[in-house]
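Novice: Got a structure for you, written out below as structure tokens; questions coming shortly.
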Amino acid sequence: MLLALAALVAGAAATTVTAQNPGAAGGALRVIELRPNVHMIAGAGGNITVQIGPDGVVLVDAGSGEKAGEVVAAIRRLTAQPIRYIISTGPARDHVGGNEVVAKAGQSLFLRQTGPAGAGGTASAVSNQGAASIVGTEMLLTRMSAPTSGEAPLPVVAWPTETFSRRHKDLFLNREGIQVIHEPAAHSDGDSIVWFRQSDVIAAGDIFDMTRFPAIDVDQGGSIQGIIAALNHILALAIPSIPLPWLDEGGTIVVPGHGRPCEEAEVVEYRDMVTVIRDRIQDMIARGMSLEQITAANPTAGWTRRFGAASGPWTTGMFVEAVYRSLVAKT
């Protein structure tokens, strides 16, 4: 009953936010206030989380390249502070395609000239040529800089300038601790979630997607087991608004890669759904069924209408195949 009441309250809050953004229809960006200092920008590809404070603007993801200019304009309507950091949660183009334009619209915290004008030095090596810094895992940098047909898929200014190989990277910006946490072998092998500790907001990237089954890029190191482990980690960090579920600002807010902001209970439901589908496919594999037979057996039954798709960039069949391939690779 408490969870149901919390869901009703969350739905009412989402309706209020939409009403405050009447221009959101027709493909325009939607800016949603999550906390007084944290917003979400939707409609530019993957969701973008925006933290604002005295040190400047910290972004989680930059959306697709097509709407990068609109993203910059939306941020400037929120604050006059410069964009300082972009934290990239994964390699998908709808999350990192806007890195170049958005980074160039910002200004590095490390913009210090150490020699004659144009001599480079620290300004070149550390500050992304004066643009906003970009944070990501070392594996993300490897994926983004890997040559494709002799050319890197994204320009250098769009690549991570601060990388890490340990489980997490800690930042302290705008008077708040921020943890960028590597979730290995999830959507890909370079994914991260971002936890704004004081604001109690978690940006989940494509690990958690309210519009579809989780996209698993097996060719780039993704796996169903890694997705479930990452969802469990989000749940270990998140707290529900218990025992007062009616509070407007109670509990952790989780920003999915796509779709509306969520609370802890919705991540639980998504994790449970993915786990049940994993178990169904694992059982079918153990019984010697082929991928074609498993697909025909409809292992996503019960959730296909809500999260599935028969066409587009990520179909139900592609999800089942990715789960199958990642489970077979483990045996």
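Here, A, B, ... name the chains of the structure tokens in the order displayed, residue numbers run from 1 inside each chain, and ligands are numbered from 1 in the same displayed order.
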Give me the residues of stretch 159-209 of chain A that have any atom at most 9 Å from an atom of stretch 56-79 of chain A; for each, the nearest atom pair and the distance in Å, rounded to one decimal. Use only C-alpha atoms, sort by chain and number, and format it as CSV.
Specialist:
residue,atom,partner,partner_atom,distance
A:Leu173,CA,A:Val58,CA,8.0
A:Asn174,CA,A:Gly56,CA,7.1
A:Val194,CA,A:Val60,CA,7.5
A:Ala203,CA,A:Val60,CA,7.1
A:Gly205,CA,A:Asp61,CA,8.2
Novice: Filtering to N, CA and C atoms, could you give me those residues as a short mmCIF file (atom, residue, chain, number, x, y, z; two decimals), in the first residue's frame?
Specialist:
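Once written, selection-v1.cif looks like this:
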data_model
loop_
_atom_site.label_atom_id
_atom_site.label_comp_id
_atom_site.auth_asym_id
_atom_site.auth_seq_id
_atom_site.Cartn_x
_atom_site.Cartn_y
_atom_site.Cartn_z
N LEU A 173 32.27 18.94 -6.13
CA LEU A 173 31.95 20.13 -6.89
C LEU A 173 30.61 20.69 -6.42
N ASN A 174 30.53 22.00 -6.40
CA ASN A 174 29.30 22.68 -5.98
C ASN A 174 28.88 22.25 -4.57
N VAL A 194 26.21 7.66 -11.84
CA VAL A 194 26.72 8.85 -11.15
C VAL A 194 25.80 9.15 -9.98
N ALA A 203 22.15 9.15 -11.53
CA ALA A 203 22.00 9.10 -12.98
C ALA A 203 22.48 7.73 -13.44
N GLY A 205 22.21 6.21 -16.63
CA GLY A 205 22.57 5.93 -18.01
C GLY A 205 21.72 4.81 -18.59
#
Novice: Could you make a table, as a tab-separated table, of the residues of stretch 143-180 of chain A that have an atom within 10 Å of an atom of stretch 184-191 of chain A, each with its nearest atom pair and distance in Å to one decimal, counting only C-alpha atoms, in chain and number order?
Specialist:
residue	atom	partner	partner_atom	distance
A:Arg143	CA	A:Gly190	CA	7.8
A:Met144	CA	A:Gly190	CA	9.9
A:Ser165	CA	A:Gly190	CA	9.8
A:Arg167	CA	A:Pro184	CA	8.7
A:Val180	CA	A:Asp191	CA	9.8
Novice: Write the residues you've just listed into a file as a compact mmCIF listing (two decimals), in the first residue's frame, and include N, CA and C atoms for each of them.
Specialist:
# COMPACT_ATOMS: atom_id res chain seq x y z
N ARG A 143 36.80 2.79 -26.22
CA ARG A 143 35.70 2.60 -27.17
C ARG A 143 35.49 3.84 -28.03
N MET A 144 35.55 5.02 -27.42
CA MET A 144 35.27 6.25 -28.17
C MET A 144 36.39 6.63 -29.12
N SER A 165 40.39 3.81 -13.81
CA SER A 165 40.34 2.36 -14.00
C SER A 165 39.89 1.62 -12.75
N ARG A 167 37.18 1.21 -9.33
CA ARG A 167 35.72 1.06 -9.30
C ARG A 167 35.01 2.40 -9.37
N VAL A 180 31.45 8.80 -9.42
CA VAL A 180 31.27 8.19 -10.74
C VAL A 180 31.69 6.74 -10.58
Novice: Enter the distance from atom CA of A:Gly53 to atom CA of A:Asn37, in Å, rounded to one decimal.
Specialist: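 Rounded to one decimal, the two atoms are 6.9 Å apart.
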Novice: Compile the contact shell of stretch 127-141 of chain A as a JSON list (two decimals) with N, CA and C atoms, in the first residue's frame: residues with an atom at most 6 Å away, counting only C-alpha atoms, same-chain residues fewer than 6 positions apart removed.
Specialist:
[["chain", "number", "residue", "atom", "x", "y", "z"],
["A", 84, "ARG", "N", 31.37, 23.13, -16.54],
["A", 84, "ARG", "CA", 32.71, 22.73, -16.13],
["A", 84, "ARG", "C", 33.02, 21.27, -16.43],
["A", 85, "TYR", "N", 32.04, 20.40, -16.23],
["A", 85, "TYR", "CA", 32.27, 18.97, -16.37],
["A", 85, "TYR", "C", 31.13, 18.31, -17.13],
["A", 86, "ILE", "N", 31.48, 17.35, -17.96],
["A", 86, "ILE", "CA", 30.53, 16.40, -18.54],
["A", 86, "ILE", "C", 30.98, 15.01, -18.10],
["A", 87, "ILE", "N", 30.11, 14.29, -17.42],
["A", 87, "ILE", "CA", 30.40, 12.92, -17.02],
["A", 87, "ILE", "C", 29.65, 12.00, -17.98],
["A", 88, "SER", "N", 30.38, 11.18, -18.73],
["A", 88, "SER", "CA", 29.76, 10.31, -19.74],
["A", 88, "SER", "C", 29.51, 8.93, -19.14],
["A", 103, "ALA", "N", 30.92, 20.59, -24.68],
["A", 103, "ALA", "CA", 32.21, 20.84, -24.02],
["A", 103, "ALA", "C", 32.81, 22.17, -24.48],
["A", 104, "LYS", "N", 32.74, 22.44, -25.79],
["A", 104, "LYS", "CA", 33.29, 23.69, -26.31],
["A", 104, "LYS", "C", 32.50, 24.90, -25.82],
["A", 106, "GLY", "N", 31.54, 25.16, -22.82],
["A", 106, "GLY", "CA", 31.92, 25.32, -21.43],
["A", 106, "GLY", "C", 33.33, 25.83, -21.27],
["A", 107, "GLN", "N", 33.82, 25.77, -20.05],
["A", 107, "GLN", "CA", 35.16, 26.26, -19.74],
["A", 107, "GLN", "C", 35.75, 25.41, -18.63],
["A", 108, "SER", "N", 36.94, 24.91, -18.88],
["A", 108, "SER", "CA", 37.59, 24.04, -17.90],
["A", 108, "SER", "C", 37.94, 24.79, -16.62],
["A", 110, "PHE", "N", 40.51, 24.06, -15.13],
["A", 110, "PHE", "CA", 41.97, 24.01, -15.13],
["A", 110, "PHE", "C", 42.58, 24.90, -16.20],
["A", 111, "LEU", "N", 41.83, 25.91, -16.63],
["A", 111, "LEU", "CA", 42.34, 26.78, -17.68],
["A", 111, "LEU", "C", 43.40, 27.70, -17.09],
["A", 160, "PRO", "N", 36.81, 11.45, -23.24],
["A", 160, "PRO", "CA", 37.10, 11.73, -21.83],
["A", 160, "PRO", "C", 38.51, 12.29, -21.65],
["A", 161, "THR", "N", 38.61, 13.35, -20.86],
["A", 161, "THR", "CA", 39.91, 13.94, -20.53],
["A", 161, "THR", "C", 40.39, 13.51, -19.15],
["A", 162, "GLU", "N", 39.47, 13.02, -18.33],
["A", 162, "GLU", "CA", 39.81, 12.47, -17.02],
["A", 162, "GLU", "C", 39.23, 11.06, -16.95],
["A", 163, "THR", "N", 40.09, 10.06, -16.93],
["A", 163, "THR", "CA", 39.63, 8.68, -16.92],
["A", 163, "THR", "C", 40.03, 8.00, -15.61],
["A", 164, "PHE", "N", 39.41, 6.87, -15.36],
["A", 164, "PHE", "CA", 39.75, 6.10, -14.17],
["A", 164, "PHE", "C", 39.58, 4.63, -14.47],
["A", 165, "SER", "N", 40.39, 3.81, -13.81],
["A", 165, "SER", "CA", 40.34, 2.36, -14.00],
["A", 165, "SER", "C", 39.89, 1.62, -12.75],
["A", 190, "GLY", "N", 32.23, -0.12, -20.47],
["A", 190, "GLY", "CA", 32.71, 1.19, -20.06],
["A", 190, "GLY", "C", 31.68, 2.03, -19.35]]
Novice: Can you list, as a PyMOL selection string, all residues belonging to stretch 141-307 of chain A that DSSP tags as strand (DSSP E)?
Specialist: chain A and resi 162-164+168-173+176-182+192-196+201-205+253-256
Novice: Kindly export the residues of the current selection with N, CA and C atoms, as a PDB file, in the first residue's frame.
Specialist:
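New file part21.pdb:
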ATOM      1  N   GLU A 162      39.468  13.018 -18.325  1.00  0.00           N
ATOM      2  CA  GLU A 162      39.808  12.468 -17.017  1.00  0.00           C
ATOM      3  C   GLU A 162      39.226  11.065 -16.949  1.00  0.00           C
ATOM      4  N   THR A 163      40.092  10.061 -16.934  1.00  0.00           N
ATOM      5  CA  THR A 163      39.626   8.678 -16.918  1.00  0.00           C
ATOM      6  C   THR A 163      40.031   8.003 -15.612  1.00  0.00           C
ATOM      7  N   PHE A 164      39.408   6.873 -15.361  1.00  0.00           N
ATOM      8  CA  PHE A 164      39.749   6.105 -14.167  1.00  0.00           C
ATOM      9  C   PHE A 164      39.578   4.626 -14.474  1.00  0.00           C
ATOM     10  N   HIS A 168      35.597   3.449  -8.789  1.00  0.00           N
ATOM     11  CA  HIS A 168      34.903   4.732  -8.845  1.00  0.00           C
ATOM     12  C   HIS A 168      35.887   5.896  -8.842  1.00  0.00           C
ATOM     13  N   LYS A 169      35.396   7.031  -9.313  1.00  0.00           N
ATOM     14  CA  LYS A 169      36.148   8.278  -9.284  1.00  0.00           C
ATOM     15  C   LYS A 169      35.344   9.267  -8.450  1.00  0.00           C
ATOM     16  N   ASP A 170      36.017   9.922  -7.508  1.00  0.00           N
ATOM     17  CA  ASP A 170      35.354  10.862  -6.610  1.00  0.00           C
ATOM     18  C   ASP A 170      35.615  12.299  -7.039  1.00  0.00           C
ATOM     19  N   LEU A 171      34.567  13.098  -7.017  1.00  0.00           N
ATOM     20  CA  LEU A 171      34.658  14.526  -7.285  1.00  0.00           C
ATOM     21  C   LEU A 171      33.962  15.272  -6.154  1.00  0.00           C
ATOM     22  N   PHE A 172      34.384  16.502  -5.926  1.00  0.00           N
ATOM     23  CA  PHE A 172      33.672  17.370  -4.980  1.00  0.00           C
ATOM     24  C   PHE A 172      33.474  18.709  -5.653  1.00  0.00           C
ATOM     25  N   LEU A 173      32.267  18.937  -6.126  1.00  0.00           N
ATOM     26  CA  LEU A 173      31.953  20.135  -6.891  1.00  0.00           C
ATOM     27  C   LEU A 173      30.613  20.686  -6.423  1.00  0.00           C
ATOM     28  N   GLU A 176      29.285  19.498  -3.053  1.00  0.00           N
ATOM     29  CA  GLU A 176      28.638  18.189  -3.007  1.00  0.00           C
ATOM     30  C   GLU A 176      29.590  17.096  -3.469  1.00  0.00           C
ATOM     31  N   GLY A 177      29.569  15.986  -2.748  1.00  0.00           N
ATOM     32  CA  GLY A 177      30.317  14.818  -3.187  1.00  0.00           C
ATOM     33  C   GLY A 177      29.624  14.134  -4.350  1.00  0.00           C
ATOM     34  N   ILE A 178      30.404  13.812  -5.388  1.00  0.00           N
ATOM     35  CA  ILE A 178      29.881  13.134  -6.571  1.00  0.00           C
ATOM     36  C   ILE A 178      30.729  11.889  -6.802  1.00  0.00           C
ATOM     37  N   GLN A 179      30.098  10.743  -6.908  1.00  0.00           N
ATOM     38  CA  GLN A 179      30.820   9.517  -7.208  1.00  0.00           C
ATOM     39  C   GLN A 179      30.431   9.009  -8.592  1.00  0.00           C
ATOM     40  N   VAL A 180      31.451   8.797  -9.424  1.00  0.00           N
ATOM     41  CA  VAL A 180      31.266   8.188 -10.736  1.00  0.00           C
ATOM     42  C   VAL A 180      31.693   6.735 -10.579  1.00  0.00           C
ATOM     43  N   ILE A 181      30.756   5.820 -10.692  1.00  0.00           N
ATOM     44  CA  ILE A 181      30.988   4.428 -10.320  1.00  0.00           C
ATOM     45  C   ILE A 181      30.941   3.537 -11.559  1.00  0.00           C
ATOM     46  N   HIS A 182      32.050   2.864 -11.817  1.00  0.00           N
ATOM     47  CA  HIS A 182      32.135   1.968 -12.975  1.00  0.00           C
ATOM     48  C   HIS A 182      31.275   0.733 -12.728  1.00  0.00           C
ATOM     49  N   SER A 192      29.113   3.727 -16.483  1.00  0.00           N
ATOM     50  CA  SER A 192      29.151   4.245 -15.118  1.00  0.00           C
ATOM     51  C   SER A 192      27.767   4.711 -14.707  1.00  0.00           C
ATOM     52  N   ILE A 193      27.522   4.710 -13.408  1.00  0.00           N
ATOM     53  CA  ILE A 193      26.404   5.451 -12.843  1.00  0.00           C
ATOM     54  C   ILE A 193      27.002   6.618 -12.064  1.00  0.00           C
ATOM     55  N   VAL A 194      26.212   7.657 -11.837  1.00  0.00           N
ATOM     56  CA  VAL A 194      26.718   8.848 -11.150  1.00  0.00           C
ATOM     57  C   VAL A 194      25.797   9.148  -9.977  1.00  0.00           C
ATOM     58  N   TRP A 195      26.396   9.254  -8.796  1.00  0.00           N
ATOM     59  CA  TRP A 195      25.636   9.459  -7.563  1.00  0.00           C
ATOM     60  C   TRP A 195      25.960  10.833  -6.988  1.00  0.00           C
ATOM     61  N   PHE A 196      24.959  11.715  -6.990  1.00  0.00           N
ATOM     62  CA  PHE A 196      25.066  13.008  -6.318  1.00  0.00           C
ATOM     63  C   PHE A 196      24.619  12.783  -4.872  1.00  0.00           C
ATOM     64  N   VAL A 201      20.491  11.996  -5.837  1.00  0.00           N
ATOM     65  CA  VAL A 201      20.084  11.736  -7.212  1.00  0.00           C
ATOM     66  C   VAL A 201      21.096  10.794  -7.834  1.00  0.00           C
ATOM     67  N   ILE A 202      20.621   9.760  -8.504  1.00  0.00           N
ATOM     68  CA  ILE A 202      21.489   8.813  -9.207  1.00  0.00           C
ATOM     69  C   ILE A 202      21.156   8.869 -10.693  1.00  0.00           C
ATOM     70  N   ALA A 203      22.155   9.152 -11.526  1.00  0.00           N
ATOM     71  CA  ALA A 203      21.997   9.096 -12.978  1.00  0.00           C
ATOM     72  C   ALA A 203      22.480   7.729 -13.439  1.00  0.00           C
ATOM     73  N   ALA A 204      21.575   6.944 -14.030  1.00  0.00           N
ATOM     74  CA  ALA A 204      21.854   5.533 -14.298  1.00  0.00           C
ATOM     75  C   ALA A 204      22.320   5.244 -15.713  1.00  0.00           C
ATOM     76  N   GLY A 205      22.211   6.211 -16.631  1.00  0.00           N
ATOM     77  CA  GLY A 205      22.570   5.932 -18.014  1.00  0.00           C
ATOM     78  C   GLY A 205      21.719   4.809 -18.585  1.00  0.00           C
ATOM     79  N   ILE A 253      16.042   9.970  -6.099  1.00  0.00           N
ATOM     80  CA  ILE A 253      15.552  10.111  -7.472  1.00  0.00           C
ATOM     81  C   ILE A 253      16.551   9.430  -8.396  1.00  0.00           C
ATOM     82  N   VAL A 254      16.049   8.534  -9.235  1.00  0.00           N
ATOM     83  CA  VAL A 254      16.901   7.838 -10.202  1.00  0.00           C
ATOM     84  C   VAL A 254      16.550   8.341 -11.598  1.00  0.00           C
ATOM     85  N   VAL A 255      17.552   8.870 -12.292  1.00  0.00           N
ATOM     86  CA  VAL A 255      17.371   9.364 -13.664  1.00  0.00           C
ATOM     87  C   VAL A 255      17.745   8.240 -14.620  1.00  0.00           C
ATOM     88  N   PRO A 256      16.780   7.690 -15.361  1.00  0.00           N
ATOM     89  CA  PRO A 256      17.100   6.618 -16.304  1.00  0.00           C
ATOM     90  C   PRO A 256      17.761   7.162 -17.562  1.00  0.00           C
TER      91      PRO A 256
END
Novice: From a DSSP pass on the backbone, collect the residues of stretch 54-244 of chain A flagged as helix (DSSP H, G or I) and hand them back as a PyMOL selection string.
Specialist: chain A and resi 65-78+93-96+99-104+122-125+128-130+138-145+156-158+218-220+224-237
Novice: Name the residues in contact with A:Ala236 at a cut-off of 12 Å, using only C-alpha atoms, excluding same-chain residues fewer than 5 positions from it; report them as a list in words.
Specialist: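 Everything that qualifies: Trp195, Ile202, Ala229, Ala230, Leu231, Thr252, Glu264, Val267 and Val268 of chain A.
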Novice: At a cut-off of 8 Å, can you tabulate as JSON lines every residue of stretch 268-295 of chain A near stretch 318-325 of chain A together with its closest atom pair and the distance in Å to one decimal, using only C-alpha atoms and ordering rows by chain then number?
Specialist:
{"residue": "A:Arg278", "atom": "CA", "partner": "A:Val323", "partner_atom": "CA", "distance": 6.9}
{"residue": "A:Ile281", "atom": "CA", "partner": "A:Tyr324", "partner_atom": "CA", "distance": 6.8}
{"residue": "A:Gln282", "atom": "CA", "partner": "A:Tyr324", "partner_atom": "CA", "distance": 7.7}
{"residue": "A:Ile285", "atom": "CA", "partner": "A:Tyr324", "partner_atom": "CA", "distance": 7.9}
{"residue": "A:Leu291", "atom": "CA", "partner": "A:Glu321", "partner_atom": "CA", "distance": 6.9}
{"residue": "A:Thr295", "atom": "CA", "partner": "A:Val320", "partner_atom": "CA", "distance": 6.7}
Novice: Write a file of the selected residues as a PDB file, in the first residue's frame, keeping C-alpha atoms.
Specialist:
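Everything below was put into part20.pdb:
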ATOM      1  CA  ARG A 278      17.281 -13.929 -17.534  1.00  0.00           C
ATOM      2  CA  ILE A 281      16.305 -17.895 -20.974  1.00  0.00           C
ATOM      3  CA  GLN A 282      18.921 -19.573 -18.793  1.00  0.00           C
ATOM      4  CA  ILE A 285      19.488 -22.891 -22.653  1.00  0.00           C
ATOM      5  CA  LEU A 291      18.146 -19.123 -30.016  1.00  0.00           C
ATOM      6  CA  THR A 295      12.734 -16.484 -29.304  1.00  0.00           C
TER       7      THR A 295
END
Novice: Quick one: of A:Leu34, A:Cys262, A:Ile52, A:Ala158, who's nearest to A:Val102, counting only C-alpha atoms?
Specialist: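 That would be A:Ala158, the residue with the smallest distance to A:Val102.
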